[in-house]
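Worksheet: the structure to be examined is printed underneath.
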Amino acid sequence: MELFLHYSLIPSLLIILVLSFLQRREHCKQRDDTSYLLGNYFGIIIPLDFVGTFSNRWSYGIAFGATANNVMFLFSEGSQLLRTPQWARAFVLLIGGFEVGLSHFPFFACLSSEFRLVSSILGFLYSLTWFVVTILHITQCPHGQFLGRYETVIFYWPSLLCLSFLLGRFLYMFVKSLRIYLGWELQTEEKPFLEIHQAEHVKQLLRKPPLQEKKKSWFQSRIYEWDPCFQFPSRMIGTTVLAFICLYLFIVIEFCVFVYVRDALDVFEGELESYIASVNQTGTLTPVILQVKELIKISKGVWVVTILPASLTCVSYLFHILACYRKHVKRLWAGNKHFLPLKFHSPSSSGSVAAIARYSGWQIAYILWGYLVIHVVQSLCGLVIMYSLVLPVIHNQGLEVLRGLGIGILTISIVLGLMILQVCIAGSFFLQPKMSTVDKQKPLALNNRKMFHNFSYFLFFYNVLLGLGACLSRLLISCILGTWLIARIDRTIMQKGYEGADMGFRAWVGMLYVDHYHTHPVLVSFCHILLRGLRERQLQQALSCGHLYQPAGPRTSARPRTRWRLLQTLINNPRLLMLRKSKPGPGSQEFTQILLTCSKS
């Protein structure tokens with residue numbers, strides 16, 4: 001497959017050249033430019049509109065999913081650059097990224113091309129080539145070293161599914177474009193300037209809000225509510241689909257690594273057992289070896305068990321990020337920026353454009369590395385639970401565990417109780433009474449100041465020790481939340497004032513602003529009204545000019561009418577006769593003499 005990835009650049013470049021030849025350039029160069037020789041051919045083709053594409057969203061998403069195996073190949077390629085100089089690794093990875101992008105460029109270019117008939121044929125043939133090569137790779141090497149039977153099928157079935165969908169999509173495009181070409185079906189506008197959901201959003205803004213809101217179900221109020229006036233762009237759909245498939249492949253690769261490590265640990269355990277048997281279980285290291293074996297056994301079990309919760313956590317993050325995207329974009333549409341830190345209220349324009357280019361790749365990388373970090377943290381938590389609760393019960397030490405657990409809970413309860421007691425005493429004795437019965441709380445005005453000063457003095461020394469525990473709890477909670485939310489690119493894990501150091505969050509905010517400025521429904525609707533008015537005025541002018549020059553009698557050809565207009569122009573402007581190019585023949589000379597006579601008269 002890696003070899004085919006290199007050779008696939010040849011048909012990819014040919015397809016790009018064909019589509020570029022068909023694409024017309026809007027602005028031709030001057031004659032002194034070398035590109036003038038190309039005429040209006042070889043225009044720039046784009047894979048997809050990363051900002052304003054709302055049609056064929058799932059087709060683009062599945063096309064992104066077809067690249068998942070090669071995206072994971074980039075990760076493995078990064079681990080094989082040990083022989084490359086350290087300063088050159090970034091350039092090697094950049095070249096590898098360009099190669100993967102160029103090899104899959106025809107999928108997107110054929111989906112977005114205006115020439116449906118040609119692009120559907122090229123896209124179908126290119127997708128079929130990838131599908132056949134993948135099938136051949138699976139049939140030749142179906143089994144693997146780590147997962148055993150059908151290991152290659154486990155790795156490549158998402159790509160086969162995506163390629164099958166693309167084959168069906170290109171076949172549908174071919175049939176539809178062929179029917180349009182034969183005149184059996186009318187051609188519709190593929191990409192309207194104003195989308196339906198954007199127009200519905202503007203209409204909803206102009207309507208009066210209902211007096212009573214509809215009662216929402218538990219799923220709508222707690223999890224997600226579908227909005228018919230909002231659609232996710234193709235970029236978000238493609239990023240989510242690719243993140244799902246890459247997360248699946250990453251989990252499979254991680255499990256393969258686990259199988260390799262488990263086999264190595266089994267060999268190590270066998271050596272430990274042979275050592276214990278050689279000393280007849282009477283050696284000084286026997287208890288330590290037994291504890292090491294127990295640790296290995298528990299670690300393997302905990303690692304396997306925590307695969308499911310870690311993967312479910314990252315999957316829920318993907319859905320939650322989509323929900324947060326809709327919520328944040330709609331807040332920006334309403335002019336609400338309070339959910340963003342103050343320094344992000346006016347981001348850099350160049351930084352925002354670069355952010356939308358890097359967001360999709362960073363989101364996938366954050367999900368993958370976030371899964372690994374969450375899995376490690378959950379495994380450590382599992383080890384703590386096993387050694388603090390489960391193993392003592394297995395070793396008949398349950399009463400001691402309950403005693404220690406009870407003492408610990410009692411200590412924490414007393415500390416929290418003393419903290420709550422301080423708040424109650426402060427509210428009861430050291431605050432002045434309410435000024436009105438309507439007030440919810442007492443005013444922040446001190447009362448019994450002498451008692452308050454004694455209260456603060458004697459609790460000063462106790463609060464020093466209490467602050468030590470509070471500091472440790474703050475550190476622990478920060479570590480847990482930071483590692484738990486590491487995959488969430490939509491919110492920063494930095495402290496207030498240091499949000500700019502979170503590059504992932506900066507990419508998220510920049511992407512939000514680009515979408516806000518380019519896909520705002522009110523702005524797009526306003527531009528749509530202006531363009532529609534301009535087209536109507538141009539149409540009226542064309543109709544009026546056509547009515548002015550339309551003859552009243554029977555239809556005639558355009559050539560006599562053009563000559564008559566030429567005659568009128570030359571009579572009214574005699575000096576143009578001297579600049580007019582003369583044609584050889586008696587007819588042209590007689591025509592010139594008639595014009596001179598008419599101009600003199």
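We name chains A, B, ... following the order of the structure tokens; residues begin at 1 in each chain, and ligands are numbered from 1 as shown.
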
Exercise. Can you list, as an MDAnalysis selection string, every protein, DNA or RNA residue that comes within 8 Å of region 251-267 of chain A when you count only C-alpha atoms, leaving out same-chain residues fewer than 5 positions away?
Worked result: chainID A and resid 146:147 155 296 300 311

Exercise. Please, which residues of region 316-476 of chain A, numbered as in this document, come out alpha helix (DSSP H) from DSSP, as JSON, numbers by chain?
Worked result: {"A": [316, 317, 318, 319, 320, 321, 322, 323, 324, 325, 326, 327, 328, 329, 330, 331, 332, 333, 349, 350, 351, 352, 353, 354, 355, 356, 357, 358, 359, 360, 361, 362, 363, 364, 365, 366, 367, 368, 369, 370, 371, 372, 373, 374, 375, 376, 377, 378, 379, 380, 381, 382, 383, 384, 385, 391, 392, 393, 394, 398, 399, 400, 401, 402, 403, 404, 405, 406, 407, 408, 409, 410, 411, 412, 413, 414, 415, 416, 417, 418, 419, 420, 421, 422, 423, 424, 425, 426, 427, 428, 429, 449, 450, 451, 452, 453, 454, 455, 456, 457, 458, 459, 460, 461, 462, 463, 464, 465, 466, 467, 468, 469, 470, 471, 472, 473, 474, 475, 476]}

Contacts of Gln495 (chain A) at 12 Å (only C-alpha atoms; same-chain gap of 5+ positions) as a tab-separated table (two decimals) with all heavy atoms, in the first residue's frame:
```
chain	number	residue	atom	x	y	z
A	341	PRO	N	-12.46	34.65	26.07
A	341	PRO	CA	-11.60	35.55	26.86
A	341	PRO	C	-11.47	36.91	26.20
A	341	PRO	O	-11.65	37.06	24.99
A	341	PRO	CB	-10.26	34.79	26.90
A	341	PRO	CG	-10.61	33.37	26.66
A	341	PRO	CD	-11.79	33.38	25.74
A	478	SER	N	-6.60	20.11	39.28
A	478	SER	CA	-6.11	20.68	38.02
A	478	SER	C	-5.52	19.61	37.12
A	478	SER	O	-5.74	19.62	35.90
A	478	SER	CB	-5.07	21.77	38.31
A	478	SER	OG	-5.63	22.82	39.06
A	482	GLY	N	-7.18	18.72	33.67
A	482	GLY	CA	-6.34	18.99	32.51
A	482	GLY	C	-6.15	17.78	31.63
A	482	GLY	O	-6.22	17.87	30.39
A	500	GLY	N	-3.79	32.58	25.75
A	500	GLY	CA	-3.07	32.70	24.48
A	500	GLY	C	-2.01	31.65	24.28
A	500	GLY	O	-1.57	31.41	23.15
A	501	ALA	N	-1.56	31.00	25.36
A	501	ALA	CA	-0.55	29.95	25.24
A	501	ALA	C	-1.14	28.63	24.74
A	501	ALA	O	-0.39	27.72	24.39
A	501	ALA	CB	0.14	29.73	26.59
A	502	ASP	N	-2.47	28.52	24.73
A	502	ASP	CA	-3.13	27.31	24.25
A	502	ASP	C	-3.32	27.43	22.74
A	502	ASP	O	-4.25	28.10	22.26
A	502	ASP	CB	-4.47	27.13	24.96
A	502	ASP	CG	-5.07	25.76	24.74
A	502	ASP	OD1	-4.63	25.06	23.81
A	502	ASP	OD2	-5.98	25.38	25.50
```

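Those residues that approach Phe108 (chain A) to within 7 Å, counting only C-alpha atoms, are Pro47, Leu48, Tyr60 and Ala63 of chain A; same-chain residues fewer than 5 positions away are not listed.
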
Saved selection, atoms kept: C-alpha atoms, as a PDB file, in the first residue's frame:
```
ATOM      1  CA  PRO A  47     -10.732  20.190  -3.636  1.00  0.00           C
ATOM      2  CA  LEU A  48     -13.559  21.761  -1.623  1.00  0.00           C
ATOM      3  CA  TYR A  60     -16.818  15.119   1.292  1.00  0.00           C
ATOM      4  CA  ALA A  63     -13.840  11.208   1.010  1.00  0.00           C
TER       5      ALA A  63
END
```

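CA of Thr239 (chain A) to CA of Ser360 (chain A) spans 5.6 Å [interatomic distance, one decimal].
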
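The gap separating CA of Ala90 (chain A) from CA of Leu318 (chain A) is 28.1 Å, in Å to one decimal.
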
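Between CA of Val373 (chain A) and CA of Thr152 (chain A) the separation is 26.5 Å.
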
Shell around region 96-101 of chain A at 9 Å using only C-alpha atoms, local window under 6 positions removed, as a compact mmCIF listing (two decimals) with C-alpha atoms, in the first residue's frame:
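Result file is part-v2.txt:
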```txt
# COMPACT_ATOMS: atom_id res chain seq x y z
CA LEU A 5 0.66 5.50 -2.52
CA HIS A 6 3.81 6.67 -4.33
CA LEU A 9 0.65 10.31 -7.83
CA THR A 67 -7.75 8.97 3.62
CA ASN A 70 -2.75 7.07 4.89
CA VAL A 71 -3.15 9.67 7.64
CA LEU A 74 2.00 9.63 8.41
CA GLU A 77 6.31 7.54 9.11
```

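Within 9 Å of region 216-228 of chain A, once only C-alpha atoms are used and residues closer than 3 positions along the same chain are dropped, the contacting residues are His197, Glu200, His201, Glu213, Gln231 and Ala323 of chain A.
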
Exercise. Near Gly43 (chain A), counting only C-alpha atoms, which residues have an atom at most 7 Å away, once you skip same-chain residues fewer than 6 positions from it, shown as a PyMOL selection string?
Worked result: chain A and resi 20-21+23-25

May I have the selected residues written with N, CA and C atoms, as a PDB file, in the first residue's frame?
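Dumped to again-v2.pdb:
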```pdb
ATOM      1  N   SER A  20      -8.100  20.682 -14.694  1.00  0.00           N
ATOM      2  CA  SER A  20      -7.603  22.053 -14.808  1.00  0.00           C
ATOM      3  C   SER A  20      -7.743  22.575 -16.239  1.00  0.00           C
ATOM      4  N   PHE A  21      -7.570  21.698 -17.226  1.00  0.00           N
ATOM      5  CA  PHE A  21      -7.756  22.111 -18.627  1.00  0.00           C
ATOM      6  C   PHE A  21      -9.206  22.499 -18.905  1.00  0.00           C
ATOM      7  N   GLN A  23     -11.294  23.624 -16.662  1.00  0.00           N
ATOM      8  CA  GLN A  23     -11.671  24.784 -15.852  1.00  0.00           C
ATOM      9  C   GLN A  23     -11.224  26.062 -16.545  1.00  0.00           C
ATOM     10  N   ARG A  24     -12.168  26.987 -16.746  1.00  0.00           N
ATOM     11  CA  ARG A  24     -11.866  28.252 -17.402  1.00  0.00           C
ATOM     12  C   ARG A  24     -11.386  29.273 -16.380  1.00  0.00           C
ATOM     13  N   ARG A  25     -10.415  30.061 -16.805  1.00  0.00           N
ATOM     14  CA  ARG A  25      -9.916  31.142 -15.957  1.00  0.00           C
ATOM     15  C   ARG A  25     -10.762  32.387 -16.176  1.00  0.00           C
TER      16      ARG A  25
END
```

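Taking only C-alpha atoms into account, Ser388 (chain A) lies nearest to A:Leu405 out of the set A:Leu405, A:Ser350, A:Phe105, A:Lys496.
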